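Content type mmCIF, C-alpha atoms, from the file query32.cif:
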data_protein
loop_
_atom_site.label_atom_id
_atom_site.label_comp_id
_atom_site.auth_asym_id
_atom_site.auth_seq_id
_atom_site.Cartn_x
_atom_site.Cartn_y
_atom_site.Cartn_z
CA MET J 30 76.47 53.76 122.24
CA PRO J 31 78.47 54.85 125.31
CA HIS J 32 82.06 54.07 126.12
CA LEU J 33 82.53 53.12 129.80
CA CYS J 34 85.41 54.21 132.00
CA ILE J 35 85.83 52.69 135.46
CA ILE J 36 87.67 54.40 138.31
CA PRO J 37 88.09 52.08 141.33
CA ALA J 38 88.05 53.22 144.93
CA GLY J 39 91.49 54.29 146.09
CA ILE J 40 93.70 57.16 147.22
CA ALA J 41 94.22 58.42 143.66
CA GLN J 42 90.55 58.35 142.66
CA ARG J 43 89.79 62.09 142.64
CA ARG J 44 92.97 62.87 140.71
CA GLN J 45 92.19 60.14 138.20
CA LEU J 46 88.66 61.48 137.73
CA LYS J 47 90.03 64.96 137.12
CA GLU J 48 92.53 63.57 134.60
CA PHE J 49 89.81 61.59 132.78
CA ILE J 50 87.54 64.65 132.52
CA SER J 51 90.43 66.85 131.36
CA SER J 52 91.57 64.31 128.76
CA TYR J 53 88.09 63.82 127.25
CA SER J 54 87.35 67.55 127.39
CA LYS J 55 90.43 68.17 125.25
CA GLY J 56 89.04 65.56 122.85
CA GLY J 57 85.88 67.60 122.32
CA TYR J 58 83.62 66.11 124.98
CA SER J 59 81.37 68.30 127.10
CA LEU J 60 80.52 67.33 130.69
CA SER J 61 76.74 66.98 130.47
CA SER J 62 75.79 65.45 133.80
CA ARG J 63 77.20 64.36 137.14
CA ILE J 64 74.98 62.02 139.14
CA GLU J 65 75.31 60.42 142.59
CA ALA J 66 73.98 56.87 142.22
CA LYS J 67 72.83 56.60 145.80
CA THR J 68 69.67 54.88 147.01
CA GLY J 69 66.62 56.87 145.97
CA ALA J 70 68.49 58.97 143.41
CA ARG J 71 66.44 59.94 140.36
CA GLY J 72 67.39 60.62 136.78
CA ALA J 73 66.08 63.27 134.40
CA ASP J 74 63.01 61.09 133.76
CA ASN J 75 62.32 61.04 137.53
CA LYS J 76 62.98 57.31 137.66
CA ASP J 77 65.43 55.50 139.92
CA ILE J 78 69.00 55.58 138.63
CA SER J 79 69.96 52.23 137.09
CA TRP J 80 72.29 50.92 134.40
CA SER J 81 69.38 51.11 131.95
CA SER J 82 68.66 54.75 132.79
CA VAL J 83 72.37 55.60 132.56
CA PHE J 84 72.56 54.10 129.06
CA ALA J 85 69.33 55.84 128.04
CA MET J 86 70.70 59.15 129.31
CA SER J 87 74.00 58.65 127.45
CA ARG J 88 72.16 58.04 124.16
CA SER J 89 70.17 61.26 124.37
CA GLY J 90 72.01 63.75 122.18
CA GLY J 91 72.98 67.10 123.65
CA LEU J 92 71.54 70.30 122.25
CA PHE J 93 74.88 71.97 121.58
CA ALA J 94 77.53 69.31 122.25
CA GLU J 95 78.00 66.47 119.80
CA LYS J 96 80.13 64.46 122.22
CA GLN J 97 78.87 64.09 125.78
CA LEU J 98 80.58 63.11 129.00
CA PHE J 99 78.74 61.73 132.04
CA VAL J 100 80.06 61.04 135.55
CA ILE J 101 78.31 58.52 137.81
CA GLU J 102 79.48 58.75 141.43
CA SER J 103 79.09 55.73 143.78
CA ALA J 104 78.53 53.52 140.73
CA GLU J 105 78.57 50.37 142.90
CA ASN J 106 75.00 51.30 143.91
CA LEU J 107 73.82 50.57 140.35
CA GLY J 108 74.23 46.89 141.10
CA GLU J 109 75.13 44.07 138.73
CA PHE J 110 75.46 45.05 135.10
CA PRO J 111 72.55 43.68 132.97
CA PRO J 112 73.85 41.21 130.32
CA GLU J 113 71.40 42.56 127.73
CA LEU J 114 73.15 45.97 127.81
CA GLU J 115 76.58 44.55 126.95
CA GLN J 116 75.90 44.82 123.20
CA PHE J 117 75.48 48.60 123.62
CA ILE J 118 78.93 49.22 125.12
CA ASP J 119 81.22 51.00 122.65
CA ALA J 120 84.80 49.77 123.00
CA SER J 121 86.15 52.89 121.28
CA SER J 122 87.30 55.85 123.38
CA ASP J 123 86.05 58.03 120.51
CA ALA J 124 82.40 57.08 121.04
CA ASP J 125 79.64 59.70 120.87
CA SER J 126 79.27 59.55 124.66
CA VAL J 127 81.51 58.51 127.53
CA VAL J 128 80.29 57.42 130.97
CA ILE J 129 82.83 57.60 133.79
CA CYS J 130 81.80 55.31 136.65
CA VAL J 131 83.41 56.19 139.99
CA PHE J 132 83.34 53.43 142.61
CA ALA J 133 83.29 54.87 146.13
CA ASN J 134 83.30 51.53 147.96
CA GLU J 135 84.30 48.28 146.34
CA GLY J 136 83.79 46.37 149.56
CA LYS J 137 80.04 46.17 148.90
CA GLY J 138 80.48 43.74 146.06
CA GLY J 139 81.03 46.76 143.86
CA SER J 140 84.27 45.75 142.18
CA ALA J 141 84.23 45.66 138.39
CA ALA J 142 85.09 41.95 138.47
CA LYS J 143 81.80 41.30 140.29
CA ILE J 144 79.61 43.83 138.49
CA PHE J 145 80.71 43.32 134.87
CA PRO J 146 81.00 39.95 133.09
CA PRO J 147 84.48 39.19 131.61
CA SER J 148 83.24 39.68 128.06
CA ALA J 149 82.05 43.21 128.91
CA GLN J 150 85.27 44.08 130.72
CA ASN J 151 87.18 43.69 127.45
CA LYS J 152 85.28 46.71 126.08
CA ILE J 153 85.72 48.93 129.15
CA GLU J 154 88.49 51.40 130.00
CA PHE J 155 89.86 50.87 133.52
CA ALA J 156 91.94 53.29 135.57
CA ALA J 157 94.70 51.48 137.45
CA LYS J 158 94.11 51.29 141.17
CA GLU J 159 96.94 53.00 143.00
CA GLU J 160 97.94 51.41 146.29
CA ALA J 161 99.21 53.31 149.31
CA VAL J 162 102.99 53.41 149.52
CA PRO J 163 104.36 52.32 152.95
CA PRO J 164 106.48 54.94 154.76
CA TRP J 165 109.73 53.03 154.30
CA LYS J 166 109.25 53.02 150.51
CA LYS J 167 108.15 56.63 150.07
CA LYS J 168 111.60 58.00 149.27
CA ASP J 169 112.07 55.48 146.44
CA TRP J 170 108.53 56.27 145.24
CA VAL J 171 109.34 60.00 145.16
CA ILE J 172 112.50 59.35 143.13
CA ARG J 173 110.65 57.06 140.71
CA LEU J 174 107.79 59.52 140.26
CA SER J 175 110.17 62.42 139.63
CA ASN J 176 111.81 60.37 136.88
CA GLU J 177 108.38 59.75 135.37
CA LEU J 178 107.81 63.51 135.45
CA GLY J 179 111.02 63.97 133.48
CA VAL J 180 113.22 65.48 136.18
CA SER J 181 115.72 64.10 138.69
CA ILE J 182 115.64 64.78 142.42
CA ALA J 183 118.49 64.80 144.92
CA SER J 184 118.43 61.95 147.43
CA ASP J 185 118.25 64.27 150.46
CA ALA J 186 115.46 66.31 148.83
CA ALA J 187 113.44 63.13 148.18
CA ALA J 188 113.98 62.03 151.79
CA LEU J 189 112.79 65.36 153.20
CA LEU J 190 109.65 65.37 151.05
CA ALA J 191 108.84 61.75 151.91
CA GLU J 192 109.24 62.41 155.62
CA SER J 193 107.44 65.76 155.74
CA ILE J 194 104.28 65.03 153.71
CA ASP J 195 102.19 62.06 154.84
CA GLU J 196 99.29 62.20 152.36
CA GLN J 197 100.34 60.47 149.15
CA GLU J 198 98.30 62.54 146.71
CA GLU J 199 99.49 65.75 148.40
CA LEU J 200 103.04 64.48 148.01
CA ARG J 201 102.44 63.76 144.32
CA GLY J 202 101.04 67.27 143.83
CA GLU J 203 104.00 68.85 145.60
CA LEU J 204 106.47 66.89 143.49
CA THR J 205 104.62 67.85 140.30
CA LYS J 206 104.88 71.53 141.28
CA LEU J 207 108.60 71.20 142.02
CA ALA J 208 109.21 69.38 138.73
CA GLU J 209 107.50 72.13 136.73
CA TYR J 210 109.53 74.80 138.51
CA SER J 211 112.95 73.14 138.35
CA ARG J 212 112.90 71.45 134.93
CA PRO J 213 115.41 70.76 133.41
CA ARG J 214 117.48 71.27 136.57
CA GLN J 215 117.54 68.73 139.40
CA ILE J 216 115.15 69.23 142.34
CA SER J 217 117.56 70.14 145.12
CA LEU J 218 117.19 70.05 148.90
CA GLU J 219 117.36 73.85 148.99
CA LEU J 220 114.54 74.13 146.45
CA VAL J 221 112.33 71.82 148.51
CA LYS J 222 112.98 73.91 151.62
CA GLN J 223 112.14 77.11 149.76
CA LEU J 224 108.98 76.00 147.95
CA SER J 225 107.41 73.16 149.93
CA PHE J 226 106.90 74.81 153.30
CA ASP J 227 104.89 77.84 154.34
CA GLU J 228 106.51 80.60 156.39
CA GLY J 229 105.95 78.81 159.69
CA GLY J 230 107.01 75.40 158.38
CA SER J 231 110.06 76.90 156.69
CA ALA J 232 111.14 78.67 159.89
CA MET J 233 110.67 75.49 161.92
CA LEU J 234 112.72 73.43 159.48
CA LYS J 235 115.44 76.09 159.40
CA PHE J 236 115.53 76.06 163.20
CA LEU J 237 115.74 72.26 163.52
CA ASP J 238 118.31 71.86 160.76
CA GLY J 239 120.29 74.81 162.09
CA PHE J 240 120.46 73.25 165.55
CA SER J 241 121.34 69.79 164.18
CA LEU J 242 124.16 71.28 162.09
CA GLY J 243 125.37 73.67 164.79
CA LYS J 244 124.47 76.77 162.76
CA ALA J 245 123.72 79.32 165.47
CA GLU J 246 122.84 82.04 162.95
CA ASP J 247 120.05 79.93 161.41
CA VAL J 248 118.68 79.09 164.86
CA ILE J 249 118.64 82.73 165.95
CA THR J 250 117.07 84.12 162.76
CA SER J 251 114.34 81.47 162.72
CA LEU J 252 113.55 82.13 166.40
CA LYS J 253 112.54 85.70 165.47
CA TYR J 254 109.55 84.21 163.65
CA LEU J 255 108.88 81.24 165.94
CA LYS J 256 108.77 83.39 169.10
CA ARG J 257 105.44 84.82 167.95
CA ASP J 258 103.97 81.83 169.77
CA PRO J 259 103.52 82.80 173.44
CA SER J 260 104.81 79.42 174.63
CA PRO J 261 107.96 77.56 173.56
CA LEU J 262 106.22 74.21 174.14
CA PRO J 263 105.75 73.44 170.39
CA MET J 264 109.45 74.15 169.85
CA ILE J 265 110.44 71.97 172.80
CA SER J 266 108.38 69.11 171.38
CA ALA J 267 109.74 69.56 167.85
CA LEU J 268 113.35 69.65 169.03
CA SER J 269 112.79 66.63 171.28
CA ASN J 270 111.43 64.67 168.31
CA ARG J 271 114.36 65.75 166.14
CA LEU J 272 116.93 64.63 168.75
CA ARG J 273 115.19 61.42 169.87
CA PRO J 274 117.00 59.31 167.22
CA ALA J 275 120.33 60.75 168.40
CA LEU J 276 119.49 59.83 172.00
CA HIS J 277 118.64 56.25 170.99
CA ILE J 278 121.94 55.94 169.14
CA THR J 279 123.75 56.85 172.37
CA VAL J 280 121.86 54.20 174.34
CA PHE J 281 121.80 51.17 172.03
CA LYS J 282 124.84 49.46 170.56
CA ASP J 283 123.14 48.56 167.29
CA GLU J 284 122.53 51.95 165.66
CA GLN J 285 120.55 50.60 162.70
CA ALA J 286 118.27 48.56 164.96
CA ALA J 287 117.69 51.59 167.21
CA LEU J 288 116.72 53.79 164.27
CA ALA J 289 114.55 51.07 162.75
CA ALA J 290 112.69 50.62 166.05
CA LEU J 291 111.79 54.32 165.97
CA GLY J 292 110.82 54.19 162.32
CA VAL J 293 113.44 56.85 161.56
CA ARG J 294 113.99 57.61 157.89
CA ASP J 295 116.99 58.87 155.94
CA TYR J 296 116.81 62.61 156.52
CA ALA J 297 116.08 62.40 160.25
CA ALA J 298 118.82 59.79 160.70
CA ARG J 299 121.37 61.97 158.92
CA MET J 300 120.46 65.00 161.04
CA ALA J 301 120.71 62.88 164.21
CA ARG J 302 124.22 61.74 163.30
CA GLN J 303 125.23 65.33 162.55
CA ALA J 304 123.96 66.50 165.94
CA LEU J 305 125.90 63.74 167.70
CA LYS J 306 129.03 64.65 165.78
CA ILE J 307 128.76 68.30 166.78
CA TYR J 308 127.57 68.08 170.41
CA GLY J 309 128.63 64.62 171.57
CA LYS J 310 126.72 61.86 173.34
CA ASP J 311 126.85 63.24 176.88
CA ALA J 312 125.67 66.71 175.84
CA ILE J 313 122.76 65.25 173.87
CA ARG J 314 121.68 63.17 176.86
CA ARG J 315 121.82 66.14 179.25
CA PHE J 316 120.01 68.40 176.82
CA MET J 317 117.21 65.88 176.29
CA LEU J 318 116.71 65.69 180.06
CA GLU J 319 116.58 69.49 180.15
CA LEU J 320 113.94 69.51 177.42
CA VAL J 321 111.86 67.03 179.44
CA ARG J 322 112.15 69.32 182.47
CA LEU J 323 111.21 72.42 180.49
CA SER J 324 108.23 70.62 178.94
CA PHE J 325 106.99 69.61 182.39
CA MET J 326 107.44 73.13 183.74
CA GLU J 327 105.50 74.62 180.80
CA LYS J 328 102.52 72.50 181.82
CA THR J 329 102.57 73.80 185.40
CA ASN J 330 102.46 77.19 187.07
CA ASN J 331 106.26 77.28 187.09
CA ALA J 332 106.81 77.73 183.35
CA GLU J 333 110.16 79.28 182.45
CA GLY J 334 108.89 80.40 179.05
CA TRP J 335 111.13 81.42 176.19
CA ALA J 336 113.86 82.62 178.57
CA GLY J 337 114.37 79.13 180.00
CA PHE J 338 114.25 77.44 176.60
CA GLU J 339 116.67 79.89 174.98
CA ALA J 340 119.09 79.61 177.89
CA ALA J 341 119.29 75.81 177.44
CA LEU J 342 119.46 76.22 173.65
CA PHE J 343 122.38 78.67 173.64
CA MET J 344 124.30 76.61 176.20
CA MET J 345 124.29 73.84 173.59
CA LEU J 346 125.06 76.08 170.62
CA ARG J 347 128.14 77.60 172.24
CA LYS J 348 129.79 74.18 171.85
#
Can you turn what I pasted into structure tokens?
Amino acid sequence: MPHLCIIPAGIAQRRQLKEFISSYSKGGYSLSSRIEAKTGARGADNKDISWSSVFAMSRSGGLFAEKQLFVIESAENLGEFPPELEQFIDASSDADSVVICVFANEGKGGSAAKIFPPSAQNKIEFAAKEEAVPPWKKKDWVIRLSNELGVSIASDAAALLAESIDEQEELRGELTKLAEYSRPRQISLELVKQLSFDEGGSAMLKFLDGFSLGKAEDVITSLKYLKRDPSPLPMISALSNRLRPALHITVFKDEQAALAALGVRDYAARMARQALKIYGKDAIRRFMLELVRLSFMEKTNNAEGWAGFEAALFMMLRK
């Protein structure tokens, strides 16, 4: 009799499937078959895929493997679970065969609550559905996840990761890599900068942070790499985005409200305050106007190129 595992639709689904397969493989199970339960799909007996055919397939012993593992993709297409098959579900995770049912779309009436009767659900292994974390909670999520991975992370490092990587599963993977590398030491901001960005991303971050902190040497060294681009327009845009929170702080009396309206998070807010401290409100305003002018010129036949951008940049840095 097969043991059933259910993986609901969600952002963590592919990772959870990989973890299920890895866990059961370590327990002696061999992946025997992977089937897409779409309309018109056929099983080994050339019949339409159904819950009955899935159970029949799971009961057919493998030639070499005693324990078999089956994966059914788009399991919602199998329809409602037949009550007469409930008696054949093995509640033990050590059953002779395991069927992992992956639900691609639960909006089609494919949720386990609708497909399986409550009595059957008590025998089934369910993967927890992981919800998307909103942007304003990502930093806390990163800190919590790092603790679960058995390593601490500095607050500024967590903020930079949360703000730089949008895709949640990619963020989880990056944090897992950092945890493995740093354990038992804390994941520091410097480590994130070194390991979590490619050469181009690292140079861009070094440039933006260098400018925000008034570190002319970092700005100049990073420009050696960034100037491989024939136009400074990407740099103008990136620097404008970095300084936009600082500009809003100079305009609005309520700093927190201004930052909240822009959706600015911890790391960007801290860099904005540092830039204001170093250059001052008036200089930031003038420089932002200059960046607007340079951006416009780059999109016309009167582009000033890197020479114009660097001239404005070094006028600020000399402060």
What lies within 12 Å of Tyr210 (chain J) using all atoms listed in the file, ignoring chain neighbours under 3 positions off, as a PDB file with C-alpha atoms, keeping the file's coordinate frame?
ATOM      1  CA  LEU J 178     107.810  63.510 135.450  1.00  0.00           C
ATOM      2  CA  VAL J 180     113.220  65.480 136.180  1.00  0.00           C
ATOM      3  CA  GLU J 203     104.000  68.850 145.600  1.00  0.00           C
ATOM      4  CA  LEU J 204     106.470  66.890 143.490  1.00  0.00           C
ATOM      5  CA  THR J 205     104.620  67.850 140.300  1.00  0.00           C
ATOM      6  CA  LYS J 206     104.880  71.530 141.280  1.00  0.00           C
ATOM      7  CA  LEU J 207     108.600  71.200 142.020  1.00  0.00           C
ATOM      8  CA  PRO J 213     115.410  70.760 133.410  1.00  0.00           C
ATOM      9  CA  ARG J 214     117.480  71.270 136.570  1.00  0.00           C
ATOM     10  CA  GLN J 215     117.540  68.730 139.400  1.00  0.00           C
ATOM     11  CA  ILE J 216     115.150  69.230 142.340  1.00  0.00           C
ATOM     12  CA  SER J 217     117.560  70.140 145.120  1.00  0.00           C
ATOM     13  CA  LEU J 220     114.540  74.130 146.450  1.00  0.00           C
ATOM     14  CA  VAL J 221     112.330  71.820 148.510  1.00  0.00           C
ATOM     15  CA  GLN J 223     112.140  77.110 149.760  1.00  0.00           C
ATOM     16  CA  LEU J 224     108.980  76.000 147.950  1.00  0.00           C
ATOM     17  CA  SER J 225     107.410  73.160 149.930  1.00  0.00           C
TER      18      SER J 225
END
**OP:** Using only C-alpha atoms, determine which residues lie at most 12 Å from Glu327 (chain J), disregarding the query and same-chain residues fewer than 5 positions distant; provide the list as a PyMOL selection string.
**Re:** chain J and resi 259-266+320-322+332-338
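Neighbouring residues of Leu346 (chain J) at 12 Å or closer, counting all atoms listed in the file and skipping chain neighbours under 4 positions away, are Gly239, Phe240, Ser241, Leu242, Gly243, Lys244, Ala245, Glu246, Asp247, Val248, Ile249, Ala304, Ile307, Tyr308, Ala312, Ile313, Phe316, Glu339, Ala340, Ala341 and Leu342 of chain J.
What the PyMOL selection byres ((chain J and resi 157) around 9) picks from this file is Ile36, Pro37, Phe155, Ala156, Lys158 and Glu159 of chain J.
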**OP:** Determine the residue membership of the PyMOL selection byres ((chain J and resi 182) around 9) for the file above and supply it as a ChimeraX atom specification.
**Re:** /J:171-172,175-176,180-181,183-187,208,214-218
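Nearest-residue note for Gly292 (chain J): choosing from J:Glu115, J:Met344, J:Gln45, J:Pro274, the minimum distance belongs to J:Pro274, counting only C-alpha atoms.
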Original post:
Nearest to Ser59 (chain J) among J:Asn106, J:Asp125, J:Ser79, J:Ala41, with distances taken over all atoms listed in the file: which residue is it?
Top reply: J:Asp125
Original post:
So how many Å separate CA of Ala85 (chain J) and CA of Arg63 (chain J), to one decimal?
Top reply: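 The value is 14.7 Å.
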Original post:
So what do you get for CA of Leu268 (chain J) versus CA of Lys282 (chain J), distance-wise?
Top reply: 23.3 Å
Subject >> Test item: the PyMOL selection byres ((chain J and resi 124) around 12) resolved as a ChimeraX atom specification >> reply: /J:30-34,53,56-58,87-88,95-98,117-123,125-128,152-153
Original post:
With only C-alpha atoms as the atoms that count, which of J:Leu107, J:Leu200, J:Leu252, J:Leu305 lies nearest to His277 (chain J)?
Top reply: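 Ranked by minimum distance to His277 (chain J), first place goes to J:Leu305.
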**OP:** Could you check which of J:Arg212, J:Lys55, J:Arg173, J:Ile40 is closest to Asn134 (chain J), using all atoms listed in the file?
**Re:** J:Ile40
Counting all atoms listed in the file, note down every residue that has an atom within 9 Å of the point (79.6, 55.6, 148.0) (file coordinates), as a compact mmCIF listing (two decimals) with C-alpha atoms, in the coordinates of the input.
# COMPACT_ATOMS: atom_id res chain seq x y z
CA GLU J 65 75.31 60.42 142.59
CA ALA J 66 73.98 56.87 142.22
CA LYS J 67 72.83 56.60 145.80
CA GLU J 102 79.48 58.75 141.43
CA SER J 103 79.09 55.73 143.78
CA ALA J 104 78.53 53.52 140.73
CA GLU J 105 78.57 50.37 142.90
CA ASN J 106 75.00 51.30 143.91
CA VAL J 131 83.41 56.19 139.99
CA PHE J 132 83.34 53.43 142.61
CA ALA J 133 83.29 54.87 146.13
CA ASN J 134 83.30 51.53 147.96
CA GLU J 135 84.30 48.28 146.34
Original post:
Could you state the separation of CA of Lys166 (chain J) and CA of Ala301 (chain J) in Å, given to one decimal place?
Top reply: 20.4 Å
**OP:** Check the smallest atom-to-atom distance from each of J:Pro163, J:Met317, J:Asp169, J:Pro112 to Ala149 (chain J) using all atoms listed in the file, then report the winner.
**Re:**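 Among the listed residues, the smallest separation from Ala149 (chain J) belongs to J:Pro112.
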For region 301-322 of chain J, where the input has fewer atoms than it should, I would like N, CA, C and O atoms rebuilt and written as a PDB file, in the coordinates of the input.
ATOM      1  N   ALA J 301     120.370  63.390 162.877  1.00  0.00           N
ATOM      2  CA  ALA J 301     120.710  62.880 164.210  1.00  0.00           C
ATOM      3  C   ALA J 301     122.214  62.620 164.317  1.00  0.00           C
ATOM      4  O   ALA J 301     122.845  62.962 165.327  1.00  0.00           O
ATOM      5  N   ARG J 302     122.775  62.024 163.295  1.00  0.00           N
ATOM      6  CA  ARG J 302     124.220  61.740 163.300  1.00  0.00           C
ATOM      7  C   ARG J 302     125.032  63.042 163.301  1.00  0.00           C
ATOM      8  O   ARG J 302     126.085  63.137 163.949  1.00  0.00           O
ATOM      9  N   GLN J 303     124.538  64.045 162.568  1.00  0.00           N
ATOM     10  CA  GLN J 303     125.230  65.330 162.550  1.00  0.00           C
ATOM     11  C   GLN J 303     125.216  65.980 163.930  1.00  0.00           C
ATOM     12  O   GLN J 303     126.227  66.537 164.375  1.00  0.00           O
ATOM     13  N   ALA J 304     124.069  65.911 164.608  1.00  0.00           N
ATOM     14  CA  ALA J 304     123.960  66.500 165.940  1.00  0.00           C
ATOM     15  C   ALA J 304     124.908  65.808 166.925  1.00  0.00           C
ATOM     16  O   ALA J 304     125.566  66.463 167.742  1.00  0.00           O
ATOM     17  N   LEU J 305     124.985  64.484 166.838  1.00  0.00           N
ATOM     18  CA  LEU J 305     125.900  63.740 167.700  1.00  0.00           C
ATOM     19  C   LEU J 305     127.360  64.111 167.434  1.00  0.00           C
ATOM     20  O   LEU J 305     128.174  64.235 168.357  1.00  0.00           O
ATOM     21  N   LYS J 306     127.663  64.295 166.165  1.00  0.00           N
ATOM     22  CA  LYS J 306     129.030  64.650 165.780  1.00  0.00           C
ATOM     23  C   LYS J 306     129.425  66.023 166.337  1.00  0.00           C
ATOM     24  O   LYS J 306     130.562  66.239 166.768  1.00  0.00           O
ATOM     25  N   ILE J 307     128.476  66.929 166.356  1.00  0.00           N
ATOM     26  CA  ILE J 307     128.760  68.300 166.780  1.00  0.00           C
ATOM     27  C   ILE J 307     128.748  68.448 168.306  1.00  0.00           C
ATOM     28  O   ILE J 307     129.643  69.062 168.903  1.00  0.00           O
ATOM     29  N   TYR J 308     127.741  67.854 168.965  1.00  0.00           N
ATOM     30  CA  TYR J 308     127.570  68.080 170.410  1.00  0.00           C
ATOM     31  C   TYR J 308     128.125  66.967 171.286  1.00  0.00           C
ATOM     32  O   TYR J 308     128.469  67.213 172.442  1.00  0.00           O
ATOM     33  N   GLY J 309     128.165  65.743 170.776  1.00  0.00           N
ATOM     34  CA  GLY J 309     128.630  64.620 171.570  1.00  0.00           C
ATOM     35  C   GLY J 309     127.502  63.926 172.330  1.00  0.00           C
ATOM     36  O   GLY J 309     126.452  64.521 172.579  1.00  0.00           O
ATOM     37  N   LYS J 310     127.751  62.672 172.700  1.00  0.00           N
ATOM     38  CA  LYS J 310     126.720  61.860 173.340  1.00  0.00           C
ATOM     39  C   LYS J 310     126.262  62.421 174.679  1.00  0.00           C
ATOM     40  O   LYS J 310     125.071  62.518 174.957  1.00  0.00           O
ATOM     41  N   ASP J 311     127.214  62.782 175.533  1.00  0.00           N
ATOM     42  CA  ASP J 311     126.850  63.240 176.880  1.00  0.00           C
ATOM     43  C   ASP J 311     126.022  64.522 176.830  1.00  0.00           C
ATOM     44  O   ASP J 311     125.051  64.672 177.580  1.00  0.00           O
ATOM     45  N   ALA J 312     126.404  65.446 175.953  1.00  0.00           N
ATOM     46  CA  ALA J 312     125.670  66.710 175.840  1.00  0.00           C
ATOM     47  C   ALA J 312     124.246  66.471 175.336  1.00  0.00           C
ATOM     48  O   ALA J 312     123.298  67.108 175.814  1.00  0.00           O
ATOM     49  N   ILE J 313     124.088  65.566 174.397  1.00  0.00           N
ATOM     50  CA  ILE J 313     122.760  65.250 173.870  1.00  0.00           C
ATOM     51  C   ILE J 313     121.888  64.680 174.969  1.00  0.00           C
ATOM     52  O   ILE J 313     120.718  65.054 175.123  1.00  0.00           O
ATOM     53  N   ARG J 314     122.448  63.778 175.776  1.00  0.00           N
ATOM     54  CA  ARG J 314     121.680  63.170 176.860  1.00  0.00           C
ATOM     55  C   ARG J 314     121.226  64.226 177.869  1.00  0.00           C
ATOM     56  O   ARG J 314     120.068  64.263 178.303  1.00  0.00           O
ATOM     57  N   ARG J 315     122.154  65.098 178.267  1.00  0.00           N
ATOM     58  CA  ARG J 315     121.820  66.140 179.250  1.00  0.00           C
ATOM     59  C   ARG J 315     120.776  67.103 178.697  1.00  0.00           C
ATOM     60  O   ARG J 315     119.846  67.509 179.397  1.00  0.00           O
ATOM     61  N   PHE J 316     120.937  67.454 177.432  1.00  0.00           N
ATOM     62  CA  PHE J 316     120.010  68.400 176.820  1.00  0.00           C
ATOM     63  C   PHE J 316     118.608  67.807 176.697  1.00  0.00           C
ATOM     64  O   PHE J 316     117.611  68.497 176.903  1.00  0.00           O
ATOM     65  N   MET J 317     118.520  66.527 176.377  1.00  0.00           N
ATOM     66  CA  MET J 317     117.210  65.880 176.290  1.00  0.00           C
ATOM     67  C   MET J 317     116.520  65.862 177.648  1.00  0.00           C
ATOM     68  O   MET J 317     115.304  66.075 177.748  1.00  0.00           O
ATOM     69  N   LEU J 318     117.281  65.629 178.711  1.00  0.00           N
ATOM     70  CA  LEU J 318     116.710  65.690 180.060  1.00  0.00           C
ATOM     71  C   LEU J 318     116.221  67.101 180.373  1.00  0.00           C
ATOM     72  O   LEU J 318     115.170  67.288 180.999  1.00  0.00           O
ATOM     73  N   GLU J 319     116.980  68.108 179.926  1.00  0.00           N
ATOM     74  CA  GLU J 319     116.580  69.490 180.150  1.00  0.00           C
ATOM     75  C   GLU J 319     115.296  69.825 179.383  1.00  0.00           C
ATOM     76  O   GLU J 319     114.425  70.529 179.894  1.00  0.00           O
ATOM     77  N   LEU J 320     115.158  69.288 178.193  1.00  0.00           N
ATOM     78  CA  LEU J 320     113.940  69.510 177.420  1.00  0.00           C
ATOM     79  C   LEU J 320     112.726  68.867 178.098  1.00  0.00           C
ATOM     80  O   LEU J 320     111.630  69.433 178.091  1.00  0.00           O
ATOM     81  N   VAL J 321     112.937  67.695 178.692  1.00  0.00           N
ATOM     82  CA  VAL J 321     111.860  67.030 179.440  1.00  0.00           C
ATOM     83  C   VAL J 321     111.448  67.909 180.616  1.00  0.00           C
ATOM     84  O   VAL J 321     110.251  68.105 180.893  1.00  0.00           O
ATOM     85  N   ARG J 322     112.449  68.463 181.316  1.00  0.00           N
ATOM     86  CA  ARG J 322     112.150  69.320 182.470  1.00  0.00           C
ATOM     87  C   ARG J 322     111.393  70.574 182.038  1.00  0.00           C
ATOM     88  O   ARG J 322     110.386  70.949 182.653  1.00  0.00           O
TER      89      ARG J 322
END
